[in-house]
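To start, the structure itself, in structure tokens.
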Amino acid sequence: MPPREPSGPDDGGRNGPETRPRRVRATVAAMTLVVRDAMVLWDAEGERIGDLTLDDGATEVTEIDATGCVVTPGLINAHHHLLQSGFRTLPGTRGVPMAQWLPTMAAAYSAAGIDPELVAATAAVGVAEGLLCGVTTVADHHLNWPHDASVAATVDIARAIADAARDLGSRLVYVRGSARDDAAWAGASADAIASALVPHGGVTADGMLQVAVGPAGVHSDGEATFAALGEVAAAHGLRRRTQANEQVDVAIALERYGRRPIDLLEEWGWLAPDVTIAHLVDLTAEEVARLAAAGVTGTHAPGCDVPMGWGVARVAELAAAGITMGLGTSGGGSNDAGHLLADARLALQVSGLVGPQLPARDVLAMATRSGALGLGRPDLGLLGSGDLAVWDVAGVADAGVADPVAGLLWAAPGRRPRHVVVGGRVVVRDGVLTTAEESELVARLRELLAARAGLVS
Ligand SMILES: [Zn+2]
């Protein structure tokens with residue numbers, strides 16, 4: 001299941017020795033980074049041993065020791081809801097149907113009050129957790145807004161999340177989502193957010209911030225909202241993202257429209273190469289073929305789908321049909337962790353229940369290159385992108401591992417990287433965040449939630 005490449009020259013080097021220098025294409029730091037003595041340098045295009053130089057022409061050189069380590073591209077969490085990082089293990093959200101989960105989460109949001117201060121605190125915690133777990137790009141599908149918010153207030157919320165990610169040195173894809181929003185208001189808000197935060201095409205010049213649009217799904221948003229957000233995407237050159245075929249989505253679509261979600265998305269113009277759909281659990285073989293023919297990409301989120309009881313997406317079948325599948329954690333309300341490598345392990349473990357066992361390298365490709373392609377970001381997801389995770393495999397939990405790349409997933413559950421680099425900048429060194437004080441991020445969220453709703457003592 002190699003990720004499908006867009007047309008371009010960057011297809012060499014598979015499984016062979018490196019013959020061309022890899023240059024940073026999405027750098028933010030004016031420095032040259034040298035990674036020394038890696039046990040394995042792996043990305044979706046191949047693997048080798050030795051050194052890796054990310055040379056952007058600067059004279060200042062930073063060195064990282066990768067002795068006893070596997071080096072991968074920074075992980076791409078292609079589907080998260082960062083707001084939910086403040087609302088994990090909420091009573092009434094475990095083992096319940098969606099019809100109960102949704103109002104329980106909504107009540108907690110409104111008790112806490114969604115505003116720039118809260119979303120900055122939840123985003124900071126979620127983004128920092130991701131960085132400490134090797135995630136260098138996170139797609140935040142932001143669905144929840146304060147009641148009767150002005151368009152300007154929604155821009156302030158989006159900007160607060162973007163600033164939180166930038167301060168921590170993480171790449172962010174901010175997905176202006178909606179869930180039962182008024183269509184015209186959602187469109188005006190998405191238009192204002194894109195205008196305020198990104199140039200045409202949806203990505204800042206340094207590659208650190210991207211804006212996309214994304215209704216939560218046909219279970220929550222009607223044709224008018226899909227149309228309004230689609231128009232904004234077309235006007236600004238943004239990617240479109242949504243969720244479909246969690247079981248609940250199918251049930252509601254059948255009840256409300258007498259149709260299945262894929263039929264509706266097709267009719268509403270949302271089966272296209274610029275669209276990525278998360279979950280995709282309950283699909284027929286015919287729907288898989290239709291998604292592939294339309295050029296849609298997907299995001300697998302087993303760390304949400306399994307605990308919510310939705311089932312296991314047939315990833316091997318989707319990929320065999322030609323659908324590029326990324327990997328996402330989804331949010332803290334369903335998956336209480338933002339640890340993408342843990343979910344890559346889960347994806348391996350459950351894959352055999354619904355088809356052939358996925359190879360570890362295929363799942364690593366999902367968590368890196370394929371996620372980048374689904375975001376429309378061919379500049380990301382490879383070692384040469386300048387985003388790296390350095391995984392120490394020298395401890396007892398990896399002793400006896402015959403294949404250290406496969407062992408990244410199969411062995412040492414909960415593994416965290418020793419070092420993490422974004423755009424040539426070291427943001428985690430020796431397991432410690434370099435861009436913020438972790439304890440301060442925790443304290444800020446804890447105090448905020450306690451002050452507002454008494455949710456945390
Ligand atoms: Zn989700």
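Chain labels A, B, ... are given in the sequence in which chains occur in the structure tokens; within each chain residues are numbered consecutively from 1, and ligands are likewise numbered from 1 in the order shown.
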(message) Which residues are near ligand 1 in this structure, taking near to mean any atom at most 12 Å from a ligand atom and counting only C-alpha atoms and all ligand atoms? Format them as an NGL selection string.
(response) :A and (77-84 or 139-143 or 175 or 177 or 179 or 214-217 or 241-246 or 249 or 277-280 or 299-305 or 308 or 327-335)
(message) Show me, as a PyMOL selection string, the residues that have an atom within 12 Å of range 151-160 of chain A when counting only C-alpha atoms, minus same-chain residues fewer than 3 positions from it.
(response) chain A and resi 82-83+113-124+140-148+163-167+172-178+182+184-198+209-212
(message) as a ChimeraX atom specification, please: the residues near Cys133 in chain A (cut-off 7 Å, only C-alpha atoms, same-chain neighbours under 2 positions excluded).
(response) /A:129-131,135,339,416-417
(request) Could you check how far CA of Gly326 in chain A sits from CA of Leu348 in chain A, in Å to one decimal? (result)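 Distance reported for this atom pair: 13.7 Å.
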(message) Could you check the closest approach to Thr62 in chain A for each of A:Leu318, A:Leu33, A:Val40, A:Ala397 and tell me which residue wins, using only C-alpha atoms?
(response) A:Leu33
(message) Given only C-alpha atoms as the basis, pick out the residue of A:Val203, A:Ala292, A:Val138, A:Leu90 nearest to Ala367 in chain A.
(response)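 Checking each of A:Val203, A:Ala292, A:Val138, A:Leu90 against Ala367 in chain A, counting only C-alpha atoms, the winner is A:Val138.
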(message) Using Å and a single decimal, report how far CA of Val218 in chain A sits from CA of Val296 in chain A.
(response) 16.4 Å
(request) Taking the DSSP assignment computed from this structure's backbone, write out as a PyMOL selection string all residues of range 69-263 of chain A that belong to alpha helix (DSSP H). (result) chain A and resi 98-112+116-132+151-168+183-197+223-236+247-257+261-263
(message) Using only C-alpha atoms, which protein or nucleic acid residues come within 10 Å of Ala289 in chain A? Drop anything in the same chain fewer than 6 positions from it, and give the result as a ChimeraX atom specification.
(response) /A:317-318,321-323
Would you output that residue set with N, CA and C atoms, as a short mmCIF file (atom, residue, chain, number, x, y, z; two decimals), in the first residue's frame?
```cif
data_model
loop_
_atom_site.label_atom_id
_atom_site.label_comp_id
_atom_site.auth_asym_id
_atom_site.auth_seq_id
_atom_site.Cartn_x
_atom_site.Cartn_y
_atom_site.Cartn_z
N GLU A 317 -8.63 -2.92 2.16
CA GLU A 317 -9.51 -2.90 0.98
C GLU A 317 -9.58 -1.49 0.38
N LEU A 318 -9.67 -0.49 1.22
CA LEU A 318 -9.70 0.90 0.74
C LEU A 318 -8.41 1.24 0.00
N ALA A 321 -8.03 -0.45 -3.32
CA ALA A 321 -8.86 0.19 -4.35
C ALA A 321 -8.21 1.46 -4.90
N GLY A 322 -7.13 1.90 -4.22
CA GLY A 322 -6.42 3.08 -4.71
C GLY A 322 -6.68 4.33 -3.91
N ILE A 323 -7.29 4.18 -2.74
CA ILE A 323 -7.60 5.35 -1.91
C ILE A 323 -6.44 5.60 -0.95
#
```
(message) I need the residue nearest Glu255 in chain A from this list: A:Arg36, A:Arg377, A:Arg240, A:His219. Use only C-alpha atoms for the distance.
(response) A:His219
(message) Quick check, in Å to one decimal: how far apart do CA of Ala106 in chain A and CA of Thr276 in chain A lie?
(response)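 Interatomic distance, CA of Ala106 in chain A to CA of Thr276 in chain A: 25.2 Å.
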(message) Let me make sure I understand: among A:Asp274, A:Asp392, A:Glu45, A:Glu440, which one has the smallest atom-to-atom distance to Pro73 in chain A if we use only C-alpha atoms?
(response)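 Among the listed residues, A:Glu45 lies closest to Pro73 in chain A.
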(request) Among the residues of range 170-249 of chain A, find those DSSP assigns to strand (DSSP E or B) from the backbone and print them as a VMD selection string. (result) chain A and resid 171 to 178 203 209 to 215 240 to 244
(request) Show which residues sit within 9 Å of Ser370 in chain A, as a list of chain:residue names. Count only C-alpha atoms, and ignore same-chain residues fewer than 2 positions away. (result) A:Pro2, A:Pro3, A:Arg4, A:Glu5, A:Ala44, A:Ile76, A:Thr297, A:Thr324, A:Met325, A:Gly326, A:Leu327, A:Ala365, A:Met366, A:Ala367, A:Thr368, A:Ala372, A:Leu373, A:Gly374, A:Leu375, A:Gly381
Now that the selection is made, can you save its residues with C-alpha atoms as a tab-separated table (two decimals), in the first residue's frame?
```
chain	number	residue	atom	x	y	z
A	2	PRO	CA	2.47	2.68	-1.04
A	3	PRO	CA	0.94	6.14	-0.82
A	4	ARG	CA	-0.15	7.49	-4.17
A	5	GLU	CA	2.07	10.32	-5.23
A	44	ALA	CA	7.66	6.00	2.64
A	76	ILE	CA	0.88	13.64	10.65
A	297	THR	CA	-8.66	10.40	0.17
A	324	THR	CA	-4.78	7.16	-0.08
A	325	MET	CA	-5.46	6.58	3.62
A	326	GLY	CA	-3.97	8.78	6.32
A	327	LEU	CA	-4.22	8.17	10.05
A	365	ALA	CA	3.30	5.47	5.60
A	366	MET	CA	-0.32	6.22	6.51
A	367	ALA	CA	0.86	8.14	9.58
A	368	THR	CA	3.31	10.20	7.53
A	372	ALA	CA	0.32	14.68	4.01
A	373	LEU	CA	-1.05	13.84	0.57
A	374	GLY	CA	-4.59	13.88	1.93
A	375	LEU	CA	-3.94	17.38	3.22
A	381	GLY	CA	5.60	13.52	5.24
```
(request) Kindly indicate which residue among A:Val232, A:Ala436, A:Val390, A:Ala406 lies nearest to Ala38 in chain A, using only C-alpha atoms for the distances. (result)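 Smallest separation from Ala38 in chain A among the options: A:Val390.
Counting only C-alpha atoms, the residue from A:Arg314, A:Val125, A:Asp343, A:Leu75 that sits nearest to Gly414 in chain A is A:Asp343.
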(request) May I have the residues within 10 Å of Leu52 in chain A as a list in words, using only C-alpha atoms and disregarding those fewer than 2 positions away in the same chain? (result)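 Listed by chain and then number, they are Glu18, Pro21, Arg22, Arg23, Leu33, Val34, Val35, Arg36, Asp37, Ala38, Leu41, Arg48, Ile49, Gly50, Leu54, Asp55, Ile64, Ala66, Val71, Leu383 and Gly384 of chain A.
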Selection to disk with C-alpha atoms, as a PDB file, in the first residue's frame:
```pdb
ATOM      1  CA  GLU A  18      20.506   7.518  -0.949  1.00  0.00           C
ATOM      2  CA  PRO A  21      20.867  14.954  -1.143  1.00  0.00           C
ATOM      3  CA  ARG A  22      17.519  15.682   0.472  1.00  0.00           C
ATOM      4  CA  ARG A  23      16.880  19.325   0.983  1.00  0.00           C
ATOM      5  CA  LEU A  33      20.408  20.186  10.824  1.00  0.00           C
ATOM      6  CA  VAL A  34      22.577  17.073  10.883  1.00  0.00           C
ATOM      7  CA  VAL A  35      21.190  13.829  12.294  1.00  0.00           C
ATOM      8  CA  ARG A  36      24.130  11.540  13.138  1.00  0.00           C
ATOM      9  CA  ASP A  37      24.496   7.759  13.104  1.00  0.00           C
ATOM     10  CA  ALA A  38      20.868   6.658  12.801  1.00  0.00           C
ATOM     11  CA  LEU A  41      16.373   6.425   8.435  1.00  0.00           C
ATOM     12  CA  ARG A  48      18.947   3.419   4.870  1.00  0.00           C
ATOM     13  CA  ILE A  49      21.400   3.863   7.726  1.00  0.00           C
ATOM     14  CA  GLY A  50      23.728   6.723   8.643  1.00  0.00           C
ATOM     15  CA  LEU A  54      18.712  18.961   6.230  1.00  0.00           C
ATOM     16  CA  ASP A  55      20.615  21.727   4.518  1.00  0.00           C
ATOM     17  CA  ILE A  64      21.282  15.529  16.767  1.00  0.00           C
ATOM     18  CA  ALA A  66      20.585   9.348  16.595  1.00  0.00           C
ATOM     19  CA  VAL A  71      14.392   8.205  12.427  1.00  0.00           C
ATOM     20  CA  LEU A 383      12.460  12.880   5.750  1.00  0.00           C
ATOM     21  CA  GLY A 384      13.402  15.699   3.402  1.00  0.00           C
TER      22      GLY A 384
END
```
